[in-house]
Amino acid sequence: MKRLCQQFLFFALLLLSGSSLAATNSLLSLEEPLSARSTGMGGAFVAVADDANAVFFNPAGLGFMDAPVMTALFKKELLDMNYTALSGSYPAWGGGMGMALTYFDGGMLDQKELDGTENLLRAQQDLCLDLSYGKNFYKSVALGAGVKLLRSNLAGLGAQTAALDLGLLFRLPIPESDRQTLSLGLSALNLGPDISYAGGANPIPRLIRFGAAYSLDLGELSRLVLALDGSVERDREAGFAAGAEYSRKNFIFRLGYGEGSPHLGLGFRVDSHQFDYSFSPLLDDALHVVSYTYHLSPAGFAKGAL
């Protein structure tokens, strides 16, 4: 246990020192938690990472997948901004493969020409393809990596780039208990070159997440998950998130705090189908996220992966 913790801390320090975190970022859509479940938990998910959305938070979580999972998501942001995402994971090659396709629409921009005429332009459109793989080692340790292919259009200016994600996840059963699990997670996301719009280089949001999660099996298809996350990005304040998830039979309740605001979430599952919703107040508006998950193994919902 002590040696595993030392390895975890070493990996964290290595990533923090080796990643050139950006001072001014574009493609801020890459920082958003794309999961109704994780949003309901305040964004605290790097040490949970036990469903198809592991590709967004910690690709190492794919190493613990034991059944195919697919998720479709829609996220309504401020004004007319929104996200759409499709993600899936599949056990393969002794680990787990993950794939996600994400589309961000920044809404319309009113552009006024010199002659006084006005045109409507798309403010920003981002399309991202994510291919990830995670491998489980020694039953309780997993490593993961992912490649992102990014295409962005900013007020008519197109650009593209690629990025790398790295992840580490420890999932440790608590001694003398077969109902409790402690997890430690770490990921470095969006490690790649700047993106260039019309010759001007703009750094992408290189982000490091770290956290811990505790899972307690309460029996009778009930489970409690508590999670705590931190995030680091240069020239920005360190981020903090905390969340809880309680599931009992077909119903799921979530509560969290992150990005300076509270978060609430609900879920309902039946057989292989799960529906999730989260709500977060934002200034004079609100953030709504809805998702549908299809799990090819209904028993996986009952027992939980964490």
# chains A, B, ... in the order shown; residues from 1 in each chain; ligands from 1

$ select_by_dssp --residues "region 188-267 of chain A" --states "strand (DSSP E or B)" --output "ChimeraX atom specification"
/A:188-191,195-197,200-202,207-219,222-232,239-248,251-258,261-267

$ closest_atom_pairs --of "region 124-179 of chain A" --to "region 213-223 of chain A" --cutoff "10 Å" --atoms "only C-alpha atoms" --output "tab-separated table"
residue	atom	partner	partner_atom	distance
A:Arg171	CA	A:Ala213	CA	9.1
A:Leu172	CA	A:Tyr214	CA	9.7
A:Pro173	CA	A:Ser215	CA	9.5
A:Ile174	CA	A:Tyr214	CA	9.7
A:Ser177	CA	A:Leu216	CA	9.8
A:Asp178	CA	A:Asp217	CA	8.5
A:Arg179	CA	A:Asp217	CA	4.9

$ residues_around --residues "Met97 (chain A)" --least-positions-apart "6" --cutoff "12 Å" --atoms "only C-alpha atoms" --output "PyMOL selection string"
chain A and resi 51-55+59-70+87-91+130-136+144-147

$ atom_distance --atom1 "CA of Ser280 (chain A)" --atom2 "CA of Leu182 (chain A)"
27.4 Å

$ atom_distance --atom1 "CA of Asn202 (chain A)" --atom2 "CA of Met81 (chain A)"
21.1 Å

$ residues_around --residues "Ser152 (chain A)" --least-positions-apart "6" --cutoff "9 Å" --atoms "only C-alpha atoms" --output "number ranges by chain"
A: 27, 124-128, 158-161, 195, 197

$ write_last_selection --atoms "all heavy atoms" --output "mmCIF file, in the first residue's frame"
data_model
loop_
_atom_site.group_PDB
_atom_site.id
_atom_site.type_symbol
_atom_site.label_atom_id
_atom_site.label_comp_id
_atom_site.auth_asym_id
_atom_site.auth_seq_id
_atom_site.Cartn_x
_atom_site.Cartn_y
_atom_site.Cartn_z
ATOM 1 N N LEU A 27 -10.139 26.688 -27.090
ATOM 2 C CA LEU A 27 -10.780 25.381 -26.964
ATOM 3 C C LEU A 27 -11.158 25.088 -25.517
ATOM 4 O O LEU A 27 -10.902 24.008 -24.986
ATOM 5 C CB LEU A 27 -9.867 24.271 -27.502
ATOM 6 C CG LEU A 27 -9.722 24.193 -29.023
ATOM 7 C CD1 LEU A 27 -8.704 23.138 -29.403
ATOM 8 C CD2 LEU A 27 -11.045 23.901 -29.692
ATOM 9 N N GLN A 124 -18.351 29.746 -32.371
ATOM 10 C CA GLN A 124 -17.329 28.702 -32.263
ATOM 11 C C GLN A 124 -17.975 27.344 -32.443
ATOM 12 O O GLN A 124 -19.064 27.070 -31.934
ATOM 13 C CB GLN A 124 -16.612 28.765 -30.910
ATOM 14 C CG GLN A 124 -15.486 27.748 -30.777
ATOM 15 C CD GLN A 124 -14.681 27.938 -29.494
ATOM 16 O OE1 GLN A 124 -14.812 28.944 -28.818
ATOM 17 N NE2 GLN A 124 -13.851 26.971 -29.164
ATOM 18 N N GLN A 125 -17.293 26.480 -33.169
ATOM 19 C CA GLN A 125 -17.695 25.092 -33.321
ATOM 20 C C GLN A 125 -16.468 24.219 -33.137
ATOM 21 O O GLN A 125 -15.446 24.433 -33.805
ATOM 22 C CB GLN A 125 -18.309 24.840 -34.703
ATOM 23 C CG GLN A 125 -19.637 25.540 -34.955
ATOM 24 C CD GLN A 125 -20.097 25.356 -36.385
ATOM 25 O OE1 GLN A 125 -19.470 25.827 -37.327
ATOM 26 N NE2 GLN A 125 -21.205 24.644 -36.552
ATOM 27 N N ASP A 126 -16.544 23.256 -32.225
ATOM 28 C CA ASP A 126 -15.443 22.339 -31.977
ATOM 29 C C ASP A 126 -15.922 20.909 -32.185
ATOM 30 O O ASP A 126 -16.994 20.525 -31.695
ATOM 31 C CB ASP A 126 -14.917 22.462 -30.541
ATOM 32 C CG ASP A 126 -14.352 23.851 -30.256
ATOM 33 O OD1 ASP A 126 -13.959 24.540 -31.206
ATOM 34 O OD2 ASP A 126 -14.324 24.239 -29.071
ATOM 35 N N LEU A 127 -15.125 20.131 -32.879
ATOM 36 C CA LEU A 127 -15.403 18.711 -33.074
ATOM 37 C C LEU A 127 -14.188 17.931 -32.614
ATOM 38 O O LEU A 127 -13.061 18.213 -33.038
ATOM 39 C CB LEU A 127 -15.703 18.424 -34.543
ATOM 40 C CG LEU A 127 -16.116 16.990 -34.889
ATOM 41 C CD1 LEU A 127 -17.461 16.650 -34.229
ATOM 42 C CD2 LEU A 127 -16.207 16.798 -36.395
ATOM 43 N N CYS A 128 -14.397 16.944 -31.749
ATOM 44 C CA CYS A 128 -13.286 16.194 -31.165
ATOM 45 C C CYS A 128 -13.554 14.697 -31.230
ATOM 46 O O CYS A 128 -14.613 14.227 -30.795
ATOM 47 C CB CYS A 128 -13.072 16.630 -29.714
ATOM 48 S SG CYS A 128 -11.755 15.718 -28.865
ATOM 49 N N GLY A 158 -10.812 28.410 -39.447
ATOM 50 C CA GLY A 158 -10.673 26.998 -39.125
ATOM 51 C C GLY A 158 -9.281 26.642 -38.655
ATOM 52 O O GLY A 158 -8.292 27.270 -39.037
ATOM 53 N N ALA A 159 -9.192 25.619 -37.796
ATOM 54 C CA ALA A 159 -7.900 25.157 -37.294
ATOM 55 C C ALA A 159 -8.056 23.729 -36.791
ATOM 56 O O ALA A 159 -9.164 23.266 -36.505
ATOM 57 C CB ALA A 159 -7.385 26.069 -36.177
ATOM 58 N N GLN A 160 -6.950 23.035 -36.654
ATOM 59 C CA GLN A 160 -6.972 21.679 -36.127
ATOM 60 C C GLN A 160 -5.692 21.397 -35.356
ATOM 61 O O GLN A 160 -4.660 22.035 -35.565
ATOM 62 C CB GLN A 160 -7.140 20.647 -37.234
ATOM 63 C CG GLN A 160 -6.135 20.713 -38.362
ATOM 64 C CD GLN A 160 -6.528 21.713 -39.417
ATOM 65 O OE1 GLN A 160 -7.692 21.852 -39.751
ATOM 66 N NE2 GLN A 160 -5.543 22.424 -39.948
ATOM 67 N N THR A 161 -5.761 20.429 -34.470
ATOM 68 C CA THR A 161 -4.602 20.000 -33.706
ATOM 69 C C THR A 161 -4.879 18.610 -33.148
ATOM 70 O O THR A 161 -5.951 18.041 -33.372
ATOM 71 C CB THR A 161 -4.268 20.998 -32.570
ATOM 72 O OG1 THR A 161 -3.015 20.651 -31.981
ATOM 73 C CG2 THR A 161 -5.343 20.964 -31.488
ATOM 74 N N ILE A 195 -3.076 25.371 -31.002
ATOM 75 C CA ILE A 195 -3.931 25.407 -32.183
ATOM 76 C C ILE A 195 -3.809 26.791 -32.794
ATOM 77 O O ILE A 195 -3.717 27.798 -32.085
ATOM 78 C CB ILE A 195 -5.394 25.071 -31.825
ATOM 79 C CG1 ILE A 195 -6.226 24.894 -33.108
ATOM 80 C CG2 ILE A 195 -6.004 26.112 -30.902
ATOM 81 C CD1 ILE A 195 -7.593 24.274 -32.844
ATOM 82 N N TYR A 197 -5.252 29.701 -35.360
ATOM 83 C CA TYR A 197 -6.299 30.305 -36.171
ATOM 84 C C TYR A 197 -5.667 31.424 -37.001
ATOM 85 O O TYR A 197 -5.182 32.412 -36.441
ATOM 86 C CB TYR A 197 -7.404 30.900 -35.295
ATOM 87 C CG TYR A 197 -8.141 29.911 -34.432
ATOM 88 C CD1 TYR A 197 -7.780 29.741 -33.100
ATOM 89 C CD2 TYR A 197 -9.203 29.172 -34.931
ATOM 90 C CE1 TYR A 197 -8.464 28.848 -32.287
ATOM 91 C CE2 TYR A 197 -9.897 28.269 -34.133
ATOM 92 C CZ TYR A 197 -9.521 28.114 -32.810
ATOM 93 O OH TYR A 197 -10.198 27.227 -32.015
#

$ closest_residue --among "A:Ser272, A:Thr71, A:Ser278, A:Ser35" --to "Leu296 (chain A)" --atoms "only C-alpha atoms"
A:Ser272

$ atom_distance --atom1 "CA of Tyr103 (chain A)" --atom2 "CA of Phe45 (chain A)"
21.1 Å

$ closest_residue --among "A:Leu186, A:Leu157, A:Ala44, A:Ala242" --to "Phe210 (chain A)" --atoms "only C-alpha atoms"
A:Leu186

$ decode --residues "region 35-159 of chain A" --atoms "C-alpha atoms" --output "mmCIF file, in the first residue's frame"
data_model
loop_
_atom_site.group_PDB
_atom_site.id
_atom_site.type_symbol
_atom_site.label_atom_id
_atom_site.label_comp_id
_atom_site.auth_asym_id
_atom_site.auth_seq_id
_atom_site.Cartn_x
_atom_site.Cartn_y
_atom_site.Cartn_z
ATOM 1 C CA SER A 35 -21.234 13.554 -18.244
ATOM 2 C CA ALA A 36 -24.597 14.043 -16.562
ATOM 3 C CA ARG A 37 -23.426 11.709 -13.823
ATOM 4 C CA SER A 38 -20.156 13.530 -13.127
ATOM 5 C CA THR A 39 -21.785 16.966 -13.371
ATOM 6 C CA GLY A 40 -24.321 15.910 -10.741
ATOM 7 C CA MET A 41 -21.328 15.057 -8.536
ATOM 8 C CA GLY A 42 -19.746 18.483 -9.050
ATOM 9 C CA GLY A 43 -17.250 17.156 -11.603
ATOM 10 C CA ALA A 44 -15.485 14.903 -9.063
ATOM 11 C CA PHE A 45 -14.901 11.859 -11.242
ATOM 12 C CA VAL A 46 -11.205 11.251 -11.934
ATOM 13 C CA ALA A 47 -10.985 8.499 -9.280
ATOM 14 C CA VAL A 48 -14.442 7.094 -10.120
ATOM 15 C CA ALA A 49 -14.095 6.717 -13.926
ATOM 16 C CA ASP A 50 -16.150 3.514 -14.025
ATOM 17 C CA ASP A 51 -18.297 4.043 -17.131
ATOM 18 C CA ALA A 52 -17.871 5.027 -20.783
ATOM 19 C CA ASN A 53 -17.203 8.638 -19.759
ATOM 20 C CA ALA A 54 -13.805 7.594 -18.409
ATOM 21 C CA VAL A 55 -12.476 8.767 -21.799
ATOM 22 C CA PHE A 56 -13.205 12.369 -20.713
ATOM 23 C CA PHE A 57 -11.718 12.184 -17.207
ATOM 24 C CA ASN A 58 -9.262 9.332 -16.811
ATOM 25 C CA PRO A 59 -8.566 6.772 -19.571
ATOM 26 C CA ALA A 60 -7.082 4.405 -16.978
ATOM 27 C CA GLY A 61 -10.633 3.653 -15.826
ATOM 28 C CA LEU A 62 -11.158 1.750 -19.095
ATOM 29 C CA GLY A 63 -8.798 -0.913 -17.749
ATOM 30 C CA PHE A 64 -11.449 -2.015 -15.236
ATOM 31 C CA MET A 65 -14.309 -2.263 -17.745
ATOM 32 C CA ASP A 66 -15.889 -5.726 -17.954
ATOM 33 C CA ALA A 67 -18.803 -5.084 -20.348
ATOM 34 C CA PRO A 68 -19.565 -2.792 -23.306
ATOM 35 C CA VAL A 69 -21.199 0.534 -22.435
ATOM 36 C CA MET A 70 -22.552 3.307 -24.689
ATOM 37 C CA THR A 71 -23.649 6.816 -23.679
ATOM 38 C CA ALA A 72 -25.331 9.699 -25.529
ATOM 39 C CA LEU A 73 -25.350 13.169 -23.947
ATOM 40 C CA PHE A 74 -26.777 16.632 -24.502
ATOM 41 C CA LYS A 75 -25.609 19.578 -22.415
ATOM 42 C CA LYS A 76 -27.303 22.995 -22.453
ATOM 43 C CA GLU A 77 -24.920 25.797 -21.501
ATOM 44 C CA LEU A 78 -25.410 29.544 -21.090
ATOM 45 C CA LEU A 79 -27.280 31.431 -23.814
ATOM 46 C CA ASP A 80 -27.386 29.263 -26.948
ATOM 47 C CA MET A 81 -24.219 27.240 -26.306
ATOM 48 C CA ASN A 82 -24.525 23.465 -26.110
ATOM 49 C CA TYR A 83 -22.626 20.180 -26.279
ATOM 50 C CA THR A 84 -23.500 16.851 -27.846
ATOM 51 C CA ALA A 85 -21.422 13.750 -27.165
ATOM 52 C CA LEU A 86 -21.420 10.047 -27.985
ATOM 53 C CA SER A 87 -19.085 7.761 -26.057
ATOM 54 C CA GLY A 88 -18.551 4.051 -25.659
ATOM 55 C CA SER A 89 -16.222 1.511 -24.113
ATOM 56 C CA TYR A 90 -15.518 -2.124 -24.895
ATOM 57 C CA PRO A 91 -13.296 -4.744 -23.185
ATOM 58 C CA ALA A 92 -10.449 -5.598 -25.570
ATOM 59 C CA TRP A 93 -6.831 -6.787 -25.597
ATOM 60 C CA GLY A 94 -6.746 -7.465 -21.892
ATOM 61 C CA GLY A 95 -8.044 -4.007 -21.045
ATOM 62 C CA GLY A 96 -10.667 -1.619 -22.342
ATOM 63 C CA MET A 97 -11.053 0.477 -25.484
ATOM 64 C CA GLY A 98 -12.909 3.783 -25.420
ATOM 65 C CA MET A 99 -14.120 6.133 -28.118
ATOM 66 C CA ALA A 100 -15.927 9.470 -27.953
ATOM 67 C CA LEU A 101 -17.165 12.003 -30.463
ATOM 68 C CA THR A 102 -17.907 15.472 -29.059
ATOM 69 C CA TYR A 103 -19.444 18.504 -30.731
ATOM 70 C CA PHE A 104 -19.557 21.980 -29.189
ATOM 71 C CA ASP A 105 -21.735 24.754 -30.627
ATOM 72 C CA GLY A 106 -20.927 28.212 -29.290
ATOM 73 C CA GLY A 107 -24.052 29.807 -30.730
ATOM 74 C CA MET A 108 -24.388 32.703 -33.149
ATOM 75 C CA LEU A 109 -22.277 35.855 -33.349
ATOM 76 C CA ASP A 110 -23.590 39.146 -34.756
ATOM 77 C CA GLN A 111 -20.848 40.605 -36.976
ATOM 78 C CA LYS A 112 -21.158 44.204 -38.193
ATOM 79 C CA GLU A 113 -19.391 45.104 -41.436
ATOM 80 C CA LEU A 114 -17.822 48.482 -42.295
ATOM 81 C CA ASP A 115 -20.725 49.309 -44.591
ATOM 82 C CA GLY A 116 -23.174 48.869 -41.722
ATOM 83 C CA THR A 117 -24.543 45.498 -42.795
ATOM 84 C CA GLU A 118 -24.807 42.735 -40.204
ATOM 85 C CA ASN A 119 -24.043 39.060 -40.640
ATOM 86 C CA LEU A 120 -24.642 36.127 -38.356
ATOM 87 C CA LEU A 121 -21.679 33.809 -37.839
ATOM 88 C CA ARG A 122 -21.148 30.739 -35.736
ATOM 89 C CA ALA A 123 -19.154 32.001 -32.744
ATOM 90 C CA GLN A 124 -17.329 28.702 -32.263
ATOM 91 C CA GLN A 125 -17.695 25.092 -33.321
ATOM 92 C CA ASP A 126 -15.443 22.339 -31.977
ATOM 93 C CA LEU A 127 -15.403 18.711 -33.074
ATOM 94 C CA CYS A 128 -13.286 16.194 -31.165
ATOM 95 C CA LEU A 129 -12.644 12.503 -31.768
ATOM 96 C CA ASP A 130 -11.144 10.667 -28.783
ATOM 97 C CA LEU A 131 -9.628 7.173 -28.979
ATOM 98 C CA SER A 132 -8.454 5.717 -25.652
ATOM 99 C CA TYR A 133 -7.178 2.495 -24.121
ATOM 100 C CA GLY A 134 -6.746 1.400 -20.492
ATOM 101 C CA LYS A 135 -4.957 -1.649 -19.091
ATOM 102 C CA ASN A 136 -5.399 -3.222 -15.665
ATOM 103 C CA PHE A 137 -2.204 -4.349 -13.912
ATOM 104 C CA TYR A 138 -1.976 -6.376 -10.691
ATOM 105 C CA LYS A 139 -5.810 -6.270 -10.384
ATOM 106 C CA SER A 140 -5.771 -2.937 -8.544
ATOM 107 C CA VAL A 141 -3.687 -0.656 -10.786
ATOM 108 C CA ALA A 142 -4.562 0.597 -14.263
ATOM 109 C CA LEU A 143 -2.825 2.859 -16.770
ATOM 110 C CA GLY A 144 -4.486 4.527 -19.708
ATOM 111 C CA ALA A 145 -3.793 6.775 -22.665
ATOM 112 C CA GLY A 146 -5.871 8.494 -25.300
ATOM 113 C CA VAL A 147 -5.407 10.474 -28.492
ATOM 114 C CA LYS A 148 -7.646 13.414 -29.426
ATOM 115 C CA LEU A 149 -8.108 14.757 -32.928
ATOM 116 C CA LEU A 150 -9.505 18.287 -32.754
ATOM 117 C CA ARG A 151 -11.121 20.471 -35.380
ATOM 118 C CA SER A 152 -12.260 23.985 -34.476
ATOM 119 C CA ASN A 153 -13.935 26.872 -36.263
ATOM 120 C CA LEU A 154 -13.769 30.278 -34.571
ATOM 121 C CA ALA A 155 -15.903 32.959 -36.269
ATOM 122 C CA GLY A 156 -15.132 31.519 -39.685
ATOM 123 C CA LEU A 157 -11.464 30.711 -39.022
ATOM 124 C CA GLY A 158 -10.673 26.998 -39.125
ATOM 125 C CA ALA A 159 -7.900 25.157 -37.294
#
